[in-house]
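Source file: my_file.cif. Holds: mmCIF, C-alpha atoms.
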data_work
loop_
_atom_site.group_PDB
_atom_site.id
_atom_site.type_symbol
_atom_site.label_atom_id
_atom_site.label_comp_id
_atom_site.auth_asym_id
_atom_site.auth_seq_id
_atom_site.Cartn_x
_atom_site.Cartn_y
_atom_site.Cartn_z
ATOM 1 C CA MET A 1 -77.834 -53.891 114.188
ATOM 2 C CA ILE A 2 -78.892 -55.373 110.873
ATOM 3 C CA THR A 3 -80.312 -52.620 108.691
ATOM 4 C CA GLU A 4 -82.885 -52.844 105.941
ATOM 5 C CA ALA A 5 -80.078 -52.176 103.431
ATOM 6 C CA THR A 6 -78.226 -55.200 104.812
ATOM 7 C CA LYS A 7 -81.325 -57.340 104.410
ATOM 8 C CA GLN A 8 -81.575 -56.157 100.817
ATOM 9 C CA ARG A 9 -78.019 -57.409 100.282
ATOM 10 C CA PHE A 10 -79.077 -60.723 101.870
ATOM 11 C CA ALA A 11 -81.994 -60.907 99.418
ATOM 12 C CA ARG A 12 -79.660 -60.511 96.432
ATOM 13 C CA GLU A 13 -77.606 -63.469 97.683
ATOM 14 C CA VAL A 14 -80.656 -65.616 98.477
ATOM 15 C CA ALA A 15 -82.005 -64.967 94.961
ATOM 16 C CA LYS A 16 -79.056 -66.913 93.553
ATOM 17 C CA TYR A 17 -80.462 -70.178 94.956
ATOM 18 C CA PRO A 18 -83.691 -72.149 94.451
ATOM 19 C CA ASP A 19 -86.458 -71.144 96.873
ATOM 20 C CA ASP A 20 -86.086 -74.334 98.898
ATOM 21 C CA GLN A 21 -82.321 -73.859 99.280
ATOM 22 C CA LYS A 22 -82.006 -70.312 100.574
ATOM 23 C CA GLN A 23 -79.905 -71.579 103.496
ATOM 24 C CA SER A 24 -77.115 -71.954 100.944
ATOM 25 C CA ALA A 25 -76.629 -68.190 101.236
ATOM 26 C CA VAL A 26 -75.497 -68.430 104.866
ATOM 27 C CA MET A 27 -71.812 -67.819 104.111
ATOM 28 C CA ALA A 28 -72.607 -64.838 101.910
ATOM 29 C CA CYS A 29 -74.840 -63.348 104.603
ATOM 30 C CA LEU A 30 -72.130 -63.828 107.229
ATOM 31 C CA SER A 31 -69.644 -62.118 104.921
ATOM 32 C CA ILE A 32 -72.004 -59.191 104.400
ATOM 33 C CA VAL A 33 -72.389 -58.707 108.154
ATOM 34 C CA GLN A 34 -68.645 -58.882 108.647
ATOM 35 C CA GLN A 35 -68.008 -56.368 105.846
ATOM 36 C CA GLU A 36 -70.426 -53.934 107.431
ATOM 37 C CA GLN A 37 -69.699 -54.481 111.121
ATOM 38 C CA GLY A 38 -66.179 -55.918 111.178
ATOM 39 C CA TRP A 39 -67.275 -59.057 113.009
ATOM 40 C CA VAL A 40 -70.210 -61.442 113.452
ATOM 41 C CA SER A 41 -72.036 -61.191 116.770
ATOM 42 C CA ALA A 42 -74.453 -63.737 118.210
ATOM 43 C CA GLU A 43 -77.222 -61.208 117.569
ATOM 44 C CA SER A 44 -76.259 -61.033 113.889
ATOM 45 C CA GLU A 45 -76.235 -64.817 113.690
ATOM 46 C CA ALA A 46 -79.775 -64.842 115.098
ATOM 47 C CA VAL A 47 -80.993 -62.372 112.454
ATOM 48 C CA ILE A 48 -79.342 -64.387 109.668
ATOM 49 C CA ALA A 49 -80.870 -67.605 111.021
ATOM 50 C CA GLU A 50 -84.335 -66.082 111.089
ATOM 51 C CA TYR A 51 -83.898 -64.542 107.640
ATOM 52 C CA LEU A 52 -82.789 -67.848 106.113
ATOM 53 C CA GLY A 53 -85.231 -69.991 108.091
ATOM 54 C CA MET A 54 -82.606 -72.130 109.788
ATOM 55 C CA PRO A 55 -81.632 -72.857 113.396
ATOM 56 C CA GLN A 56 -79.338 -70.288 114.981
ATOM 57 C CA ILE A 57 -76.928 -73.048 115.997
ATOM 58 C CA ALA A 58 -76.515 -73.988 112.324
ATOM 59 C CA VAL A 59 -75.431 -70.424 111.517
ATOM 60 C CA HIS A 60 -73.107 -70.435 114.533
ATOM 61 C CA GLU A 61 -71.553 -73.704 113.355
ATOM 62 C CA VAL A 62 -70.629 -72.046 110.050
ATOM 63 C CA THR A 63 -69.281 -68.959 111.825
ATOM 64 C CA THR A 64 -67.059 -71.032 114.093
ATOM 65 C CA PHE A 65 -65.909 -73.508 111.442
ATOM 66 C CA TYR A 66 -64.264 -70.946 109.166
ATOM 67 C CA ASN A 67 -61.510 -68.700 110.504
ATOM 68 C CA MET A 68 -62.469 -65.917 108.079
ATOM 69 C CA TYR A 69 -65.387 -64.946 110.308
ATOM 70 C CA ASN A 70 -64.440 -62.804 113.282
ATOM 71 C CA GLN A 71 -66.415 -63.710 116.380
ATOM 72 C CA GLN A 72 -65.271 -60.615 118.229
ATOM 73 C CA PRO A 73 -64.114 -57.161 117.174
ATOM 74 C CA VAL A 74 -60.683 -57.137 115.524
ATOM 75 C CA GLY A 75 -58.145 -54.496 114.628
ATOM 76 C CA LYS A 76 -58.057 -52.631 111.355
ATOM 77 C CA TYR A 77 -55.463 -55.145 110.155
ATOM 78 C CA LYS A 78 -56.012 -58.810 110.963
ATOM 79 C CA LEU A 79 -52.748 -60.714 110.548
ATOM 80 C CA ALA A 80 -53.248 -64.488 110.304
ATOM 81 C CA VAL A 81 -50.047 -66.538 110.263
ATOM 82 C CA CYS A 82 -50.162 -70.136 109.049
ATOM 83 C CA THR A 83 -48.853 -72.469 111.726
ATOM 84 C CA ASN A 84 -49.803 -75.749 110.062
ATOM 85 C CA LEU A 85 -47.034 -78.365 109.879
ATOM 86 C CA PRO A 86 -45.475 -77.436 106.509
ATOM 87 C CA CYS A 87 -45.243 -73.795 107.590
ATOM 88 C CA GLN A 88 -43.999 -74.892 111.019
ATOM 89 C CA LEU A 89 -41.148 -76.708 109.321
ATOM 90 C CA ARG A 90 -40.284 -73.494 107.468
ATOM 91 C CA ARG A 91 -40.398 -71.101 110.438
ATOM 92 C CA GLY A 92 -44.122 -70.338 110.582
ATOM 93 C CA GLN A 93 -44.141 -70.419 114.381
ATOM 94 C CA ASP A 94 -41.057 -68.170 114.403
ATOM 95 C CA ALA A 95 -42.930 -65.670 112.217
ATOM 96 C CA LEU A 96 -45.838 -65.659 114.668
ATOM 97 C CA HIS A 97 -43.472 -65.105 117.620
ATOM 98 C CA HIS A 98 -41.661 -62.326 115.764
ATOM 99 C CA LEU A 99 -44.971 -60.530 115.204
ATOM 100 C CA GLU A 100 -45.948 -61.016 118.840
ATOM 101 C CA LYS A 101 -42.715 -59.358 119.903
ATOM 102 C CA LYS A 102 -42.921 -56.551 117.316
ATOM 103 C CA LEU A 103 -46.563 -55.742 118.096
ATOM 104 C CA GLY A 104 -46.283 -56.278 121.870
ATOM 105 C CA ILE A 105 -49.270 -58.624 121.948
ATOM 106 C CA SER A 106 -49.882 -62.357 122.104
ATOM 107 C CA MET A 107 -51.623 -64.445 119.479
ATOM 108 C CA GLY A 108 -55.362 -63.776 119.629
ATOM 109 C CA GLU A 109 -54.971 -60.234 120.949
ATOM 110 C CA THR A 110 -55.409 -56.774 119.458
ATOM 111 C CA THR A 111 -52.980 -53.911 119.908
ATOM 112 C CA PRO A 112 -54.184 -51.167 122.294
ATOM 113 C CA ASP A 113 -54.478 -48.714 119.384
ATOM 114 C CA GLY A 114 -56.897 -51.109 117.633
ATOM 115 C CA LEU A 115 -54.677 -51.315 114.574
ATOM 116 C CA PHE A 116 -53.561 -54.971 114.605
ATOM 117 C CA THR A 117 -55.081 -58.294 115.610
ATOM 118 C CA LEU A 118 -52.739 -61.284 115.501
ATOM 119 C CA GLN A 119 -54.060 -64.787 114.846
ATOM 120 C CA GLN A 120 -52.807 -68.141 113.751
ATOM 121 C CA CYS A 121 -54.564 -70.033 111.013
ATOM 122 C CA GLU A 122 -54.578 -73.382 109.297
ATOM 123 C CA CYS A 123 -53.181 -74.206 105.879
ATOM 124 C CA LEU A 124 -53.386 -71.431 103.313
ATOM 125 C CA GLY A 125 -52.406 -73.741 100.464
ATOM 126 C CA ALA A 126 -49.058 -72.092 99.770
ATOM 127 C CA CYS A 127 -46.713 -74.456 101.594
ATOM 128 C CA ALA A 128 -43.855 -73.895 99.139
ATOM 129 C CA ASP A 129 -43.965 -70.169 99.995
ATOM 130 C CA ALA A 130 -43.776 -70.646 103.783
ATOM 131 C CA PRO A 131 -43.953 -68.936 106.079
ATOM 132 C CA VAL A 132 -47.190 -67.470 104.761
ATOM 133 C CA MET A 133 -49.904 -65.269 106.183
ATOM 134 C CA LEU A 134 -53.093 -63.433 105.268
ATOM 135 C CA VAL A 135 -53.809 -59.774 105.886
ATOM 136 C CA ASN A 136 -57.510 -59.070 106.447
ATOM 137 C CA ASP A 137 -58.473 -62.472 105.005
ATOM 138 C CA ARG A 138 -57.641 -61.215 101.510
ATOM 139 C CA ASP A 139 -53.977 -60.483 100.863
ATOM 140 C CA MET A 140 -51.613 -63.456 100.864
ATOM 141 C CA CYS A 141 -48.048 -62.740 101.927
ATOM 142 C CA SER A 142 -45.319 -65.292 101.153
ATOM 143 C CA PHE A 143 -41.783 -65.943 102.381
ATOM 144 C CA MET A 144 -42.421 -63.871 105.508
ATOM 145 C CA GLU A 145 -39.037 -63.784 107.163
ATOM 146 C CA ASP A 146 -38.395 -61.242 109.936
ATOM 147 C CA ASP A 147 -37.352 -58.390 107.624
ATOM 148 C CA LYS A 148 -40.463 -58.783 105.453
ATOM 149 C CA LEU A 149 -42.661 -58.964 108.565
ATOM 150 C CA ASP A 150 -41.113 -55.731 109.840
ATOM 151 C CA GLN A 151 -41.679 -54.014 106.485
ATOM 152 C CA LEU A 152 -45.290 -55.187 106.378
ATOM 153 C CA VAL A 153 -46.115 -54.024 109.902
ATOM 154 C CA ASP A 154 -44.302 -50.705 109.478
ATOM 155 C CA GLY A 155 -46.101 -50.070 106.173
ATOM 156 C CA LEU A 156 -49.506 -50.911 107.623
ATOM 157 C CA ARG A 157 -48.804 -48.820 110.703
ATOM 158 C CA ALA A 158 -47.871 -45.855 108.509
ATOM 159 C CA ALA A 159 -51.072 -46.304 106.502
ATOM 160 C CA GLY A 160 -53.167 -46.970 109.615
ATOM 161 C CA GLY A 161 -54.430 -43.452 110.027
ATOM 162 C CA ALA A 162 -55.328 -43.095 106.362
ATOM 163 C CA GLN A 163 -58.878 -43.818 105.342
#
For this file, produce the structure as structure tokens.
Amino acid sequence: MITEATKQRFAREVAKYPDDQKQSAVMACLSIVQQEQGWVSAESEAVIAEYLGMPQIAVHEVTTFYNMYNQQPVGKYKLAVCTNLPCQLRRGQDALHHLEKKLGISMGETTPDGLFTLQQCECLGACADAPVMLVNDRDMCSFMEDDKLDQLVDGLRAAGGAQ
């Protein structure tokens, strides 16, 4: 459900662009929805499309192009491990498999407690720091060998109940 307060946030983003280019705010509007709801549903895409005066498929194309937009509900902590070639050469795939084993889920799944969602992602631009990953699309983690992965997961798990 897109609230009136959400639409007011959309309006602040749209105001940053010339009147004939309000579609330029599509990424900001998607981000707002994700901040408020945790993911971007097809219904939210439809509201954004109508608000910005653009085809719904155009909004969906943006949603699906960028991996920062969740197209389904995710856990409290979204762990995205880079598996692009440079990270692959420096154990990126091993890091992903280690997390799968530690969390008891496969890539693309969420733990039963709703705490962790595990994903792979494309290049994060930190190849020299591989293996690298993002937590909740914001916090970059470098040199993620098994011990650092364990510390990260254990720390997040311990903080998981805190608000």
- Tell me which protein, DNA and RNA residues are within 9 Å of Cys87 (chain A), counting only C-alpha atoms, leaving out same-chain ones fewer than 6 positions away, and put them as a list in words.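 Listed by chain and then number, they are Gln93, Cys123, Ala126, Cys127, Ala128, Asp129, Ala130, Pro131 and Val132 of chain A.
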So that all listed atoms of region 130-142 of chain A fit with 8 Å spare on each side, what axis-aligned box centre and edge lengths in Å, to one decimal, would you give as lines of an AutoDock Vina configuration file?
center_x = -51.1
center_y = -64.9
center_z = 103.7
size_x = 30.7
size_y = 27.6
size_z = 21.6
- Might you spell out which residues the PyMOL selection byres ((chain A and resi 114) around 10) would select in the displayed file, as an MDAnalysis selection string? chainID A and resid 73:77 109:113 115:117 160
- For Tyr69 (chain A): contacts at 7 Å, only C-alpha atoms, fewer than 5 positions along chain excluded, given as a list in words: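 So, after excluding close chain neighbours, the residues are Trp39, Val40 and Thr63 of chain A.
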- Pick from A:Met133, A:Ala11, A:Leu30, A:Leu103 nearest to Arg157 (chain A), counting only C-alpha atoms: A:Leu103
Would you mind completing region 114-140 of chain A to N, CA, C and O atoms and writing the output as an mmCIF file, in the coordinates of the input?
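Contents of the output file selection.cif:
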data_model
loop_
_atom_site.group_PDB
_atom_site.id
_atom_site.type_symbol
_atom_site.label_atom_id
_atom_site.label_comp_id
_atom_site.auth_asym_id
_atom_site.auth_seq_id
_atom_site.Cartn_x
_atom_site.Cartn_y
_atom_site.Cartn_z
ATOM 1 N N GLY A 114 -55.864 -50.528 118.490
ATOM 2 C CA GLY A 114 -56.897 -51.109 117.633
ATOM 3 C C GLY A 114 -56.454 -51.330 116.197
ATOM 4 O O GLY A 114 -57.270 -51.644 115.342
ATOM 5 N N LEU A 115 -55.161 -51.220 115.944
ATOM 6 C CA LEU A 115 -54.677 -51.315 114.574
ATOM 7 C C LEU A 115 -54.456 -52.764 114.121
ATOM 8 O O LEU A 115 -54.785 -53.113 112.994
ATOM 9 N N PHE A 116 -53.918 -53.606 115.000
ATOM 10 C CA PHE A 116 -53.561 -54.971 114.605
ATOM 11 C C PHE A 116 -54.190 -56.014 115.515
ATOM 12 O O PHE A 116 -54.204 -55.849 116.735
ATOM 13 N N THR A 117 -54.692 -57.084 114.900
ATOM 14 C CA THR A 117 -55.081 -58.294 115.610
ATOM 15 C C THR A 117 -54.226 -59.408 115.038
ATOM 16 O O THR A 117 -54.095 -59.526 113.817
ATOM 17 N N LEU A 118 -53.635 -60.211 115.916
ATOM 18 C CA LEU A 118 -52.739 -61.284 115.501
ATOM 19 C C LEU A 118 -53.402 -62.628 115.767
ATOM 20 O O LEU A 118 -53.864 -62.891 116.876
ATOM 21 N N GLN A 119 -53.455 -63.458 114.729
ATOM 22 C CA GLN A 119 -54.060 -64.787 114.846
ATOM 23 C C GLN A 119 -53.176 -65.811 114.166
ATOM 24 O O GLN A 119 -52.331 -65.473 113.340
ATOM 25 N N GLN A 120 -53.406 -67.053 114.522
ATOM 26 C CA GLN A 120 -52.807 -68.141 113.751
ATOM 27 C C GLN A 120 -53.918 -68.752 112.924
ATOM 28 O O GLN A 120 -55.092 -68.573 113.230
ATOM 29 N N CYS A 121 -53.549 -69.418 111.851
ATOM 30 C CA CYS A 121 -54.564 -70.033 111.013
ATOM 31 C C CYS A 121 -54.041 -71.365 110.483
ATOM 32 O O CYS A 121 -52.854 -71.672 110.603
ATOM 33 N N GLU A 122 -54.935 -72.106 109.903
ATOM 34 C CA GLU A 122 -54.578 -73.382 109.297
ATOM 35 C C GLU A 122 -54.082 -73.161 107.882
ATOM 36 O O GLU A 122 -53.993 -72.040 107.416
ATOM 37 N N CYS A 123 -53.822 -74.220 107.194
ATOM 38 C CA CYS A 123 -53.181 -74.206 105.879
ATOM 39 C C CYS A 123 -53.811 -73.196 104.925
ATOM 40 O O CYS A 123 -55.026 -73.146 104.755
ATOM 41 N N LEU A 124 -52.954 -72.406 104.306
ATOM 42 C CA LEU A 124 -53.386 -71.431 103.313
ATOM 43 C C LEU A 124 -53.114 -71.914 101.900
ATOM 44 O O LEU A 124 -53.326 -71.192 100.933
ATOM 45 N N GLY A 125 -52.607 -73.141 101.774
ATOM 46 C CA GLY A 125 -52.406 -73.741 100.464
ATOM 47 C C GLY A 125 -51.213 -73.192 99.702
ATOM 48 O O GLY A 125 -51.180 -73.277 98.481
ATOM 49 N N ALA A 126 -50.257 -72.642 100.419
ATOM 50 C CA ALA A 126 -49.058 -72.092 99.770
ATOM 51 C C ALA A 126 -47.815 -72.585 100.509
ATOM 52 O O ALA A 126 -46.901 -71.820 100.804
ATOM 53 N N CYS A 127 -47.773 -73.868 100.771
ATOM 54 C CA CYS A 127 -46.713 -74.456 101.594
ATOM 55 C C CYS A 127 -45.314 -74.172 101.051
ATOM 56 O O CYS A 127 -44.377 -73.974 101.821
ATOM 57 N N ALA A 128 -45.173 -74.136 99.740
ATOM 58 C CA ALA A 128 -43.855 -73.895 99.139
ATOM 59 C C ALA A 128 -43.379 -72.468 99.382
ATOM 60 O O ALA A 128 -42.192 -72.185 99.232
ATOM 61 N N ASP A 129 -44.293 -71.577 99.764
ATOM 62 C CA ASP A 129 -43.965 -70.169 99.995
ATOM 63 C C ASP A 129 -43.813 -69.843 101.481
ATOM 64 O O ASP A 129 -43.738 -68.681 101.861
ATOM 65 N N ALA A 130 -43.785 -70.847 102.335
ATOM 66 C CA ALA A 130 -43.776 -70.646 103.783
ATOM 67 C C ALA A 130 -42.532 -69.889 104.237
ATOM 68 O O ALA A 130 -41.488 -69.986 103.600
ATOM 69 N N PRO A 131 -42.705 -69.153 105.350
ATOM 70 C CA PRO A 131 -43.953 -68.936 106.079
ATOM 71 C C PRO A 131 -44.886 -67.970 105.340
ATOM 72 O O PRO A 131 -44.429 -67.027 104.718
ATOM 73 N N VAL A 132 -46.184 -68.274 105.448
ATOM 74 C CA VAL A 132 -47.190 -67.470 104.761
ATOM 75 C C VAL A 132 -48.201 -66.922 105.766
ATOM 76 O O VAL A 132 -48.349 -67.452 106.869
ATOM 77 N N MET A 133 -48.881 -65.864 105.329
ATOM 78 C CA MET A 133 -49.904 -65.269 106.183
ATOM 79 C C MET A 133 -50.922 -64.535 105.313
ATOM 80 O O MET A 133 -50.678 -64.290 104.131
ATOM 81 N N LEU A 134 -52.047 -64.232 105.919
ATOM 82 C CA LEU A 134 -53.093 -63.433 105.268
ATOM 83 C C LEU A 134 -53.272 -62.127 106.033
ATOM 84 O O LEU A 134 -53.248 -62.117 107.264
ATOM 85 N N VAL A 135 -53.466 -61.060 105.290
ATOM 86 C CA VAL A 135 -53.809 -59.774 105.886
ATOM 87 C C VAL A 135 -55.266 -59.511 105.547
ATOM 88 O O VAL A 135 -55.652 -59.503 104.378
ATOM 89 N N ASN A 136 -56.071 -59.345 106.591
ATOM 90 C CA ASN A 136 -57.510 -59.070 106.447
ATOM 91 C C ASN A 136 -58.230 -60.106 105.584
ATOM 92 O O ASN A 136 -59.136 -59.769 104.815
ATOM 93 N N ASP A 137 -57.835 -61.353 105.699
ATOM 94 C CA ASP A 137 -58.473 -62.472 105.005
ATOM 95 C C ASP A 137 -58.440 -62.345 103.490
ATOM 96 O O ASP A 137 -59.158 -63.056 102.793
ATOM 97 N N ARG A 138 -57.631 -61.442 102.956
ATOM 98 C CA ARG A 138 -57.641 -61.215 101.510
ATOM 99 C C ARG A 138 -56.268 -61.243 100.868
ATOM 100 O O ARG A 138 -56.112 -61.745 99.772
ATOM 101 N N ASP A 139 -55.288 -60.645 101.490
ATOM 102 C CA ASP A 139 -53.977 -60.483 100.863
ATOM 103 C C ASP A 139 -52.985 -61.519 101.390
ATOM 104 O O ASP A 139 -52.610 -61.474 102.565
ATOM 105 N N MET A 140 -52.576 -62.410 100.506
ATOM 106 C CA MET A 140 -51.613 -63.456 100.864
ATOM 107 C C MET A 140 -50.204 -62.880 100.824
ATOM 108 O O MET A 140 -49.838 -62.191 99.879
#
